[in-house]
Amino acid sequence: MRAIWKGALTFGLVNVPVKVYSATEDHDVPLHQVHAADGGRIRYQRVCELDGEVVPYSEIDRAFDDGERTVVLTKDDLASLPSERSREIDVVEFVPTEQIDLLTLDRAYYLEPDSSSPKAYVLLRRTLEATDRTAIVRFSLRQKTRLAALRVRGAVLVLQTLLWADEVREAAFPSLDEEVRISAKELELSASLVESFSGDFDPSEFADEYQQELRALIDAKLADGDAVDTAATFGERDDEDGGEVIDLLAALRASVERSRASRSAEETRPDATTEKRRKKA
């Protein structure tokens, strides 16, 4: 695997240098569109609807359409926005793991220690395991601020991006508001059926049969010589290192003291609750 991002995981004064890797990959067989008559590759062009001209990518801007009006956003407009280029994964809070809604989980990434000593990395991993907590973090990737859950998977820390609250749709189905009567016998039989299908989940026992059959079909065509020459028909990272943890124990102690002092100060303020919510927003 190749690292896609390097930086540091920070909580309090503790700094854990890490490398980030994509934890998943797409196994679908890539397919192209071709001309059925001669197998020639179908290419799409960017054509302006007003003058019919093919537009080079360098002359293309973005736009937002609200259904009645279109706002054109130039490259300078987008460049004026505050872009995130921080190399830190900042821990916002540690929450009970069961509070993470599986519906909000998005892309997953592995974190690898990126320092001469993995002590801080292992300490954080063991702490999350012992407390059954998940760290909620903020970080930036490809100039976008992202919210993520930091959890443990085996011996590895996993960073899993989260959907923002307004990206999860509400399940508003009137049919679910109707009262339904379930008898004790029906519930007993249903539970019995569930028990008959019970087992321990092993992902390796399942396979994408469609992709397997598709690959077999392609291999069979290649073996039979049922193919065209590709050339004839189609034509022919950052090395910035994360910082070392100088004194882990001292950083931990200082972080705890600073956190306690901050919390104590907030609790004495009349608007402490409002201020805490504002910081999380």
# chains A, B, ... in the order shown; residues from 1 in each chain; ligands from 1
call {"tool": "select_by_dssp", "arguments": {"residues": "segment 23-127 of chain A", "states": "strand (DSSP E)", "output": "VMD selection string"}}
result
chain A and resid 62 to 65 70 to 73 88 to 96 105 to 113
call {"tool": "closest_atom_pairs", "arguments": {"of": "segment 101-186 of chain A", "to": "segment 248-265 of chain A", "cutoff": "10 Å", "atoms": "only C-alpha atoms", "output": "tab-separated table"}}
result
residue	atom	partner	partner_atom	distance
A:Lys119	CA	A:Leu248	CA	8.5
A:Ala120	CA	A:Leu248	CA	6.9
A:Leu123	CA	A:Leu248	CA	9.8
call {"tool": "atom_distance", "arguments": {"atom1": "atom CA of Gly67 of chain A", "atom2": "atom CA of Ala79 of chain A"}}
result
25.3 Å
call {"tool": "closest_atom_pairs", "arguments": {"of": "segment 21-103 of chain A", "to": "segment 3-10 of chain A", "cutoff": "10 Å", "atoms": "only C-alpha atoms", "output": "JSON lines"}}
result
{"residue": "A:Tyr21", "atom": "CA", "partner": "A:Ala3", "partner_atom": "CA", "distance": 4.8}
{"residue": "A:Ser22", "atom": "CA", "partner": "A:Ile4", "partner_atom": "CA", "distance": 7.4}
{"residue": "A:Ser86", "atom": "CA", "partner": "A:Gly7", "partner_atom": "CA", "distance": 8.4}
{"residue": "A:Arg87", "atom": "CA", "partner": "A:Gly7", "partner_atom": "CA", "distance": 4.6}
{"residue": "A:Glu88", "atom": "CA", "partner": "A:Ala8", "partner_atom": "CA", "distance": 4.9}
{"residue": "A:Ile89", "atom": "CA", "partner": "A:Leu9", "partner_atom": "CA", "distance": 4.6}
{"residue": "A:Asp90", "atom": "CA", "partner": "A:Thr10", "partner_atom": "CA", "distance": 5.1}
{"residue": "A:Val91", "atom": "CA", "partner": "A:Thr10", "partner_atom": "CA", "distance": 6.1}
{"residue": "A:Val92", "atom": "CA", "partner": "A:Thr10", "partner_atom": "CA", "distance": 9.5}
call {"tool": "atom_distance", "arguments": {"atom1": "atom CA of Ala63 of chain A", "atom2": "atom CA of Lys144 of chain A"}}
result
18.4 Å
call {"tool": "atom_distance", "arguments": {"atom1": "atom CA of Asp28 of chain A", "atom2": "atom CA of Ala207 of chain A"}}
result
12.0 Å
call {"tool": "residues_around", "arguments": {"residues": "Thr161 of chain A", "least_positions_apart": "5", "cutoff": "10 Å", "atoms": "only C-alpha atoms", "output": "list in words"}}
result
Thr104, Leu105, Asp106, Arg107, Ala108, Tyr109, Ile136, Val137, Arg138, Phe139, Arg146, Leu147, Ala148, Ala149 and Leu150 of chain A
call {"tool": "write_last_selection", "arguments": {"atoms": "N, CA, C and O atoms", "output": "PDB file, in the first residue's frame"}}
result
ATOM      1  N   THR A 104     -23.749   6.730   9.615  1.00  0.00           N
ATOM      2  CA  THR A 104     -22.924   7.905   9.318  1.00  0.00           C
ATOM      3  C   THR A 104     -21.505   7.544   8.881  1.00  0.00           C
ATOM      4  O   THR A 104     -20.765   8.416   8.452  1.00  0.00           O
ATOM      5  N   LEU A 105     -21.113   6.271   8.999  1.00  0.00           N
ATOM      6  CA  LEU A 105     -19.751   5.875   8.638  1.00  0.00           C
ATOM      7  C   LEU A 105     -19.550   5.913   7.127  1.00  0.00           C
ATOM      8  O   LEU A 105     -20.386   5.436   6.367  1.00  0.00           O
ATOM      9  N   ASP A 106     -18.428   6.466   6.691  1.00  0.00           N
ATOM     10  CA  ASP A 106     -18.151   6.601   5.259  1.00  0.00           C
ATOM     11  C   ASP A 106     -16.857   5.862   4.913  1.00  0.00           C
ATOM     12  O   ASP A 106     -16.719   4.692   5.186  1.00  0.00           O
ATOM     13  N   ARG A 107     -15.875   6.539   4.354  1.00  0.00           N
ATOM     14  CA  ARG A 107     -14.650   5.876   3.910  1.00  0.00           C
ATOM     15  C   ARG A 107     -13.719   5.569   5.078  1.00  0.00           C
ATOM     16  O   ARG A 107     -13.634   6.319   6.046  1.00  0.00           O
ATOM     17  N   ALA A 108     -12.992   4.449   4.960  1.00  0.00           N
ATOM     18  CA  ALA A 108     -12.104   3.999   6.038  1.00  0.00           C
ATOM     19  C   ALA A 108     -10.640   4.104   5.621  1.00  0.00           C
ATOM     20  O   ALA A 108     -10.291   3.847   4.463  1.00  0.00           O
ATOM     21  N   TYR A 109      -9.787   4.465   6.582  1.00  0.00           N
ATOM     22  CA  TYR A 109      -8.352   4.601   6.340  1.00  0.00           C
ATOM     23  C   TYR A 109      -7.580   3.959   7.495  1.00  0.00           C
ATOM     24  O   TYR A 109      -7.981   4.057   8.654  1.00  0.00           O
ATOM     25  N   ILE A 136     -13.567  11.218  18.269  1.00  0.00           N
ATOM     26  CA  ILE A 136     -14.122  12.020  17.184  1.00  0.00           C
ATOM     27  C   ILE A 136     -13.063  13.044  16.810  1.00  0.00           C
ATOM     28  O   ILE A 136     -12.581  13.796  17.676  1.00  0.00           O
ATOM     29  N   VAL A 137     -12.673  13.071  15.548  1.00  0.00           N
ATOM     30  CA  VAL A 137     -11.564  13.926  15.119  1.00  0.00           C
ATOM     31  C   VAL A 137     -11.970  14.800  13.939  1.00  0.00           C
ATOM     32  O   VAL A 137     -12.924  14.505  13.222  1.00  0.00           O
ATOM     33  N   ARG A 138     -11.226  15.874  13.771  1.00  0.00           N
ATOM     34  CA  ARG A 138     -11.336  16.729  12.592  1.00  0.00           C
ATOM     35  C   ARG A 138     -10.004  16.683  11.859  1.00  0.00           C
ATOM     36  O   ARG A 138      -8.937  16.709  12.480  1.00  0.00           O
ATOM     37  N   PHE A 139     -10.058  16.639  10.543  1.00  0.00           N
ATOM     38  CA  PHE A 139      -8.837  16.725   9.748  1.00  0.00           C
ATOM     39  C   PHE A 139      -9.208  17.195   8.352  1.00  0.00           C
ATOM     40  O   PHE A 139     -10.393  17.282   8.005  1.00  0.00           O
ATOM     41  N   ARG A 146     -13.033  17.457   7.264  1.00  0.00           N
ATOM     42  CA  ARG A 146     -13.804  16.231   7.445  1.00  0.00           C
ATOM     43  C   ARG A 146     -13.894  15.881   8.931  1.00  0.00           C
ATOM     44  O   ARG A 146     -12.974  16.147   9.704  1.00  0.00           O
ATOM     45  N   LEU A 147     -15.004  15.269   9.272  1.00  0.00           N
ATOM     46  CA  LEU A 147     -15.216  14.742  10.605  1.00  0.00           C
ATOM     47  C   LEU A 147     -15.043  13.232  10.513  1.00  0.00           C
ATOM     48  O   LEU A 147     -15.459  12.617   9.532  1.00  0.00           O
ATOM     49  N   ALA A 148     -14.415  12.624  11.504  1.00  0.00           N
ATOM     50  CA  ALA A 148     -14.148  11.191  11.420  1.00  0.00           C
ATOM     51  C   ALA A 148     -14.165  10.549  12.796  1.00  0.00           C
ATOM     52  O   ALA A 148     -14.046  11.214  13.824  1.00  0.00           O
ATOM     53  N   ALA A 149     -14.323   9.231  12.783  1.00  0.00           N
ATOM     54  CA  ALA A 149     -14.250   8.432  14.007  1.00  0.00           C
ATOM     55  C   ALA A 149     -12.944   7.660  13.989  1.00  0.00           C
ATOM     56  O   ALA A 149     -12.610   7.011  12.997  1.00  0.00           O
ATOM     57  N   LEU A 150     -12.198   7.744  15.066  1.00  0.00           N
ATOM     58  CA  LEU A 150     -10.934   7.021  15.198  1.00  0.00           C
ATOM     59  C   LEU A 150     -11.180   5.850  16.134  1.00  0.00           C
ATOM     60  O   LEU A 150     -11.538   6.033  17.295  1.00  0.00           O
TER      61      LEU A 150
END
call {"tool": "select_by_dssp", "arguments": {"residues": "segment 81-187 of chain A", "states": "helix (DSSP H, G or I)", "output": "MDAnalysis selection string"}}
result
chainID A and resid 97:99 102:104 119:131 165:167 174:177 184:187
call {"tool": "write_last_selection", "arguments": {"atoms": "C-alpha atoms", "output": "PDB file, in the first residue's frame"}}
result
ATOM      1  CA  THR A  97     -18.452   3.651  20.956  1.00  0.00           C
ATOM      2  CA  GLU A  98     -22.143   2.710  20.924  1.00  0.00           C
ATOM      3  CA  GLN A  99     -23.032   6.357  20.233  1.00  0.00           C
ATOM      4  CA  LEU A 102     -23.286   3.055  11.645  1.00  0.00           C
ATOM      5  CA  LEU A 103     -25.327   4.968   9.065  1.00  0.00           C
ATOM      6  CA  THR A 104     -22.924   7.905   9.318  1.00  0.00           C
ATOM      7  CA  LYS A 119       4.837   4.075  21.919  1.00  0.00           C
ATOM      8  CA  ALA A 120       2.346   6.970  21.680  1.00  0.00           C
ATOM      9  CA  TYR A 121       0.448   5.142  18.935  1.00  0.00           C
ATOM     10  CA  VAL A 122       0.202   1.932  20.973  1.00  0.00           C
ATOM     11  CA  LEU A 123      -0.762   3.868  24.109  1.00  0.00           C
ATOM     12  CA  LEU A 124      -3.660   5.552  22.316  1.00  0.00           C
ATOM     13  CA  ARG A 125      -4.786   2.247  20.816  1.00  0.00           C
ATOM     14  CA  ARG A 126      -4.769   0.487  24.191  1.00  0.00           C
ATOM     15  CA  THR A 127      -6.529   3.410  25.853  1.00  0.00           C
ATOM     16  CA  LEU A 128      -9.356   3.317  23.325  1.00  0.00           C
ATOM     17  CA  GLU A 129      -9.691  -0.442  23.844  1.00  0.00           C
ATOM     18  CA  ALA A 130      -9.663  -0.215  27.640  1.00  0.00           C
ATOM     19  CA  THR A 131     -12.211   2.602  27.816  1.00  0.00           C
ATOM     20  CA  ALA A 165     -25.553  15.512  10.305  1.00  0.00           C
ATOM     21  CA  ASP A 166     -27.407  17.212   7.434  1.00  0.00           C
ATOM     22  CA  GLU A 167     -26.237  14.513   4.989  1.00  0.00           C
ATOM     23  CA  PRO A 174     -46.232   7.273   7.475  1.00  0.00           C
ATOM     24  CA  SER A 175     -46.779   3.511   7.221  1.00  0.00           C
ATOM     25  CA  LEU A 176     -44.463   3.000  10.211  1.00  0.00           C
ATOM     26  CA  ASP A 177     -46.749   5.146  12.372  1.00  0.00           C
ATOM     27  CA  ALA A 184     -46.811 -13.918  21.148  1.00  0.00           C
ATOM     28  CA  LYS A 185     -46.906 -16.993  18.889  1.00  0.00           C
ATOM     29  CA  GLU A 186     -45.842 -14.993  15.836  1.00  0.00           C
ATOM     30  CA  LEU A 187     -42.932 -13.482  17.761  1.00  0.00           C
TER      31      LEU A 187
END
